[in-house]
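Notes follow the structure.
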Amino acid sequence: MGNMADVAAAAGVSISTVSHVINETRRVDPRTRDAVLAAIASTGYRRNALAAALATSRSGVLALSIAAGRNPYFGPLMRAIESRASELGYTLMMGDSHDDTEIEHRLVGSLLDRRVDGLIMAPSPGSEERTIPTVRAAGTPLVLIDRLSPADVDQVASEGAEPVVRLTTHLAELGHRRIGVLTGRPGIQSTEERIEGFVRAMDAAGLRAAPRHVRCGDSRADEARVQTLAMFRARAPRPTALVVLNNEMTVGAMRALRELDLRIPDDVALVAYDDFEWSDLFAPGLTAAAQDVEAIGRRCVDLLVERIEGFDGPRRVERLPTAFHHRDSCGCERPHAGG
């Protein structure tokens with residue numbers, strides 16, 4: 001494997017010229033640049049990423065802090081982010097915040113110590129007080145994903161309230177009057193918006209959910225199972241329909257309903273915010289509001305790279321639409337195959 005001196009000798013140029021070509025720190029005549037690139041190929045030279053980072057103040061690495069856990073939503077999202085980062089010439093470094101402020105703060109500090117060029121973060125509850133100010137103080141470009149914040153940084157997320165309005169309204173239009181809801185982790189903006197959508201739709205339909213039919217599943221399958229069992233085992237009339245506000249909780253709710261020998265949709269209609277890649281394989285198929293995970297991931301990377309490359313305009317907050325996938329779990333015939 002050759003070194004930079006070997007490349008310079010093969011190309012008939014100085015070592016500094018080779019450095020400028022590799023690190024793009026100065027314009028080089030196109031013919032000279034081509035000669036250097038040919039010499040790199042012939043000598044087998046590989047760029048020292050750490051040395052290049054010191055020379056250019058760029059590492060070529062983006063970081064992602066996200067509560068990956070077992071949520072089916074985050075796997076495709078991380079793949080979309082990694083794919084777009086790779087297309088733009090960046091390597092992605094990832095870490096799991098576990099939705100815990102202390103873990104998130106340590107994780108992000110470690111990522112910043114590695115001189116990443118920019119950070120994408122799904123903020124945990126309390127990020128506004130600790131983690132986000134730390135990133136801002138370091139001067140590292142930051143984009144928030146999935147969960148919005150009052151912080152003055154770029155942000156990308158799906159619509160929050162309106163998809164839940166549509167899901168809940170659909171149940172009311174089918175004649176349901178006792179509609180239950182499983183809400184996500186408290187203190188997260190996406191949870192608050194989705195609850196707002198449920199309340200708005202219930203108010204518009206002249207309905208009000210009984211307190212025992214409003215349960216916090218904490219965005220976890222195991223807790224959603226426990227809360228669904230409690231909701232449907234109560235002596236009072238149980239809900240005839242259930243709205244679940246994220247897809248990990250949907251798994252827990254479906255397990256609970258199966259334990260109770262309640263059939264979907266014959267005994268309980270079920271709709272959910274967040275779709276699965278394999279939702280149409282359920283029997284019955286799941287009626288859900290589907291986020292455009294690919295578009296969200298790619299857009300976050302694009303906004304971040306624009307900041308890295310010098311964009312200094314005001315913050316951008318982008319909301320991407322969801323798709324209503326009408327299948328069978330709501331209790332009516334799906335209008336057409338695939339949603």
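Every chain in the structure tokens has a letter given in the order shown (A, B, ...), and although residue numbers restart at 1 in each chain, ligands are simply numbered from 1 in the order shown.
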
Open item on the list: Show me, as JSON, numbers by chain, the residues that have an atom within 6 Å of segment 150-158 of chain A when counting only C-alpha atoms, minus same-chain residues fewer than 4 positions from it.
Closed with: {"A": [143, 144, 145, 146, 315, 316, 317, 318, 319, 320, 321]}

- [ ] Run DSSP on the backbone of this structure and report the residues of segment 65-158 of chain A it assigns to strand (DSSP E), as a list in words.
- [x]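 Of segment 65-158 of chain A, only Ser65, Ile66, Thr91, Leu92, Met93, Met94, Gly95, Asp96, Gly118, Leu119, Ile120, Met121, Leu142, Val143, Leu144, Ile145, Asp154, Gln155, Val156, Ala157 and Ser158 of chain A fall in strand (DSSP E).
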
Against segment 68-90 of chain A, which residues of segment 230-271 of chain A fall within 10 Å? For each one I want the closest pair of atoms and the distance in Å (one decimal), counting only C-alpha atoms, rows by chain and increasing residue number, as a Markdown table.
```
| residue | atom | partner | partner_atom | distance |
| --- | --- | --- | --- | --- |
| A:Asn246 | CA | A:Asn71 | CA | 8.8 |
| A:Asn247 | CA | A:Pro72 | CA | 7.0 |
| A:Glu248 | CA | A:Asn71 | CA | 5.1 |
| A:Met249 | CA | A:Asn71 | CA | 8.7 |
| A:Val251 | CA | A:Asn71 | CA | 9.7 |
```

- [ ] Could you please write out, as a list in words, every residue of segment 235-326 of chain A that DSSP assigns to alpha helix (DSSP H)?
- [x]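 Everything in segment 235-326 of chain A that counts as alpha helix (DSSP H) is Asn247, Glu248, Met249, Thr250, Val251, Gly252, Ala253, Met254, Arg255, Ala256, Leu257, Arg258, Glu259, Val293, Glu294, Ala295, Ile296, Gly297, Arg298, Arg299, Cys300, Val301, Asp302, Leu303, Leu304, Val305, Glu306, Arg307 and Ile308 of chain A.
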
Since we have the selection now, will you write its residues out, keeping C-alpha atoms, as a CSV table (one decimal), in the first residue's frame?
```csv
chain,number,residue,atom,x,y,z
A,247,ASN,CA,-46.8,0.6,16.2
A,248,GLU,CA,-44.8,-1.0,19.0
A,249,MET,CA,-47.9,-0.5,21.2
A,250,THR,CA,-50.0,-2.1,18.5
A,251,VAL,CA,-48.1,-5.3,18.9
A,252,GLY,CA,-48.8,-5.3,22.7
A,253,ALA,CA,-52.5,-4.4,22.2
A,254,MET,CA,-53.0,-7.2,19.7
A,255,ARG,CA,-51.4,-9.7,22.1
A,256,ALA,CA,-53.7,-8.6,24.8
A,257,LEU,CA,-56.8,-8.9,22.7
A,258,ARG,CA,-55.8,-12.4,21.6
A,259,GLU,CA,-55.4,-13.4,25.3
A,293,VAL,CA,-40.1,6.7,6.6
A,294,GLU,CA,-37.9,6.8,3.5
A,295,ALA,CA,-38.7,10.5,2.8
A,296,ILE,CA,-38.2,11.5,6.5
A,297,GLY,CA,-34.8,9.8,6.7
A,298,ARG,CA,-33.5,11.2,3.4
A,299,ARG,CA,-34.8,14.7,4.1
A,300,CYS,CA,-33.1,14.8,7.5
A,301,VAL,CA,-29.7,14.0,5.9
A,302,ASP,CA,-30.2,16.6,3.2
A,303,LEU,CA,-30.9,19.3,5.7
A,304,LEU,CA,-28.0,18.3,7.8
A,305,VAL,CA,-25.5,18.3,4.9
A,306,GLU,CA,-26.7,21.7,3.8
A,307,ARG,CA,-25.8,23.0,7.2
A,308,ILE,CA,-22.4,21.3,7.2
```

Segment 234-239 of chain A environment, 8 Å, only C-alpha atoms, sequence neighbours closer than 4 positions dropped, as a short mmCIF file (atom, residue, chain, number, x, y, z; two decimals) with N, CA and C atoms, in the first residue's frame:
```cif
data_model
loop_
_atom_site.label_atom_id
_atom_site.label_comp_id
_atom_site.auth_asym_id
_atom_site.auth_seq_id
_atom_site.Cartn_x
_atom_site.Cartn_y
_atom_site.Cartn_z
N ARG A 178 -68.02 4.03 21.99
CA ARG A 178 -67.05 3.79 23.07
C ARG A 178 -65.71 3.46 22.43
N ILE A 179 -64.90 4.48 22.29
CA ILE A 179 -63.60 4.36 21.61
C ILE A 179 -62.49 4.56 22.64
N GLY A 180 -61.63 3.58 22.76
CA GLY A 180 -60.50 3.68 23.67
C GLY A 180 -59.24 4.12 22.93
N HIS A 213 -60.89 4.29 29.61
CA HIS A 213 -60.60 3.88 28.24
C HIS A 213 -59.43 4.66 27.64
N ALA A 230 -56.12 -4.33 31.12
CA ALA A 230 -56.85 -3.61 32.16
C ALA A 230 -58.08 -2.91 31.59
N VAL A 268 -63.74 -6.10 18.52
CA VAL A 268 -63.09 -4.80 18.74
C VAL A 268 -62.49 -4.33 17.42
#
```

Open item on the list: Using only C-alpha atoms, which protein or nucleic acid residues come within 8 Å of Ser124 of chain A? Drop anything in the same chain fewer than 2 positions from it, and give the result as a PyMOL selection string.
Closed with: chain A and resi 67+97+99-101+104+122+126-127+188

Only N, CA, C and O atoms, please: the residues just picked out, written as a short mmCIF file (atom, residue, chain, number, x, y, z; two decimals), in the first residue's frame.
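Once everything was written out, this is out.cif:
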```cif
data_model
loop_
_atom_site.label_atom_id
_atom_site.label_comp_id
_atom_site.auth_asym_id
_atom_site.auth_seq_id
_atom_site.Cartn_x
_atom_site.Cartn_y
_atom_site.Cartn_z
N ALA A 67 -33.89 6.34 19.78
CA ALA A 67 -34.33 5.28 20.69
C ALA A 67 -34.76 4.09 19.86
O ALA A 67 -35.95 3.88 19.61
N SER A 97 -30.35 5.86 22.34
CA SER A 97 -30.55 6.69 23.53
C SER A 97 -31.46 6.04 24.55
O SER A 97 -31.57 6.52 25.69
N ASP A 99 -34.39 6.39 24.95
CA ASP A 99 -35.36 7.40 25.39
C ASP A 99 -35.08 7.84 26.84
O ASP A 99 -36.01 8.18 27.58
N ASP A 100 -33.84 7.84 27.22
CA ASP A 100 -33.43 8.21 28.56
C ASP A 100 -32.51 9.43 28.45
O ASP A 100 -31.49 9.39 27.75
N THR A 101 -32.85 10.51 29.13
CA THR A 101 -32.10 11.75 28.99
C THR A 101 -30.63 11.60 29.38
O THR A 101 -29.74 12.14 28.71
N GLU A 104 -28.86 9.52 26.72
CA GLU A 104 -28.77 10.34 25.52
C GLU A 104 -27.65 11.37 25.65
O GLU A 104 -26.85 11.56 24.72
N ALA A 122 -33.41 11.93 17.50
CA ALA A 122 -34.80 11.85 17.92
C ALA A 122 -34.79 12.16 19.42
O ALA A 122 -34.40 11.30 20.22
N GLY A 126 -36.87 15.85 27.87
CA GLY A 126 -35.86 16.61 28.59
C GLY A 126 -34.67 17.04 27.76
O GLY A 126 -33.76 17.70 28.27
N SER A 127 -34.66 16.68 26.47
CA SER A 127 -33.53 17.04 25.61
C SER A 127 -33.33 18.55 25.51
O SER A 127 -32.20 19.03 25.36
N ILE A 188 -43.19 13.75 25.27
CA ILE A 188 -42.68 13.75 23.89
C ILE A 188 -43.69 14.46 23.00
O ILE A 188 -44.90 14.20 23.08
#
```

Open item on the list: Report as a PyMOL selection string all protein, DNA and RNA residues lying within 9 Å of Val244 of chain A, evaluated on only C-alpha atoms, omitting residues in the same chain fewer than 6 positions from it.
Closed with: chain A and resi 180-184+217+224+250+253+270-274

TODO: Have a look at A:Val116, A:Ala221, A:Leu260, A:Val214 and name the one nearest to Arg233 of chain A; count only C-alpha atoms.
DONE: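 Ranked by minimum distance to Arg233 of chain A, first place goes to A:Leu260.
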
- [ ] Might you pull out every residue within 12 Å of Asp203 of chain A, with only C-alpha atoms counted and same-chain residues fewer than 6 positions away left off, and present them as a list in words?
- [x]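 The filter keeps Val165, Thr168, Thr169, Ala172, Arg177, Glu196, Gly197 and Ala209 of chain A.
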
Open item on the list: Using only C-alpha atoms for the distances, tell me which of A:Pro211, A:Gly139, A:Gly313, A:Gly285 is nearest to Asp117 of chain A.
Closed with: A:Gly139

Open item on the list: So that I can see what lies close to Ala161 of chain A, please list as a ChimeraX atom specification the residues with an atom at most 8 Å from it, counting only C-alpha atoms and leaving out residues fewer than 2 positions away in the same chain.
Closed with: /A:159,163-165,193-198

Emit the selected residues as a PDB file, in the first residue's frame, including C-alpha atoms.
```pdb
ATOM      1  CA  GLU A 159     -47.932  15.146  10.644  1.00  0.00           C
ATOM      2  CA  PRO A 163     -53.703  11.371  10.905  1.00  0.00           C
ATOM      3  CA  VAL A 164     -55.185  10.501  14.315  1.00  0.00           C
ATOM      4  CA  VAL A 165     -58.176  12.729  13.612  1.00  0.00           C
ATOM      5  CA  GLU A 193     -49.898  15.879  19.091  1.00  0.00           C
ATOM      6  CA  ARG A 194     -51.449  12.449  18.605  1.00  0.00           C
ATOM      7  CA  ILE A 195     -53.494  12.792  21.796  1.00  0.00           C
ATOM      8  CA  GLU A 196     -54.645  16.196  20.557  1.00  0.00           C
ATOM      9  CA  GLY A 197     -55.830  14.558  17.318  1.00  0.00           C
ATOM     10  CA  PHE A 198     -57.805  11.930  19.218  1.00  0.00           C
TER      11      PHE A 198
END
```

Open item on the list: Nearest residue to Arg185 of chain A out of A:Met121, A:Val13, A:Leu245, A:Ile22, using only C-alpha atoms?
Closed with: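 The answer is A:Leu245, which sits nearest to Arg185 of chain A.
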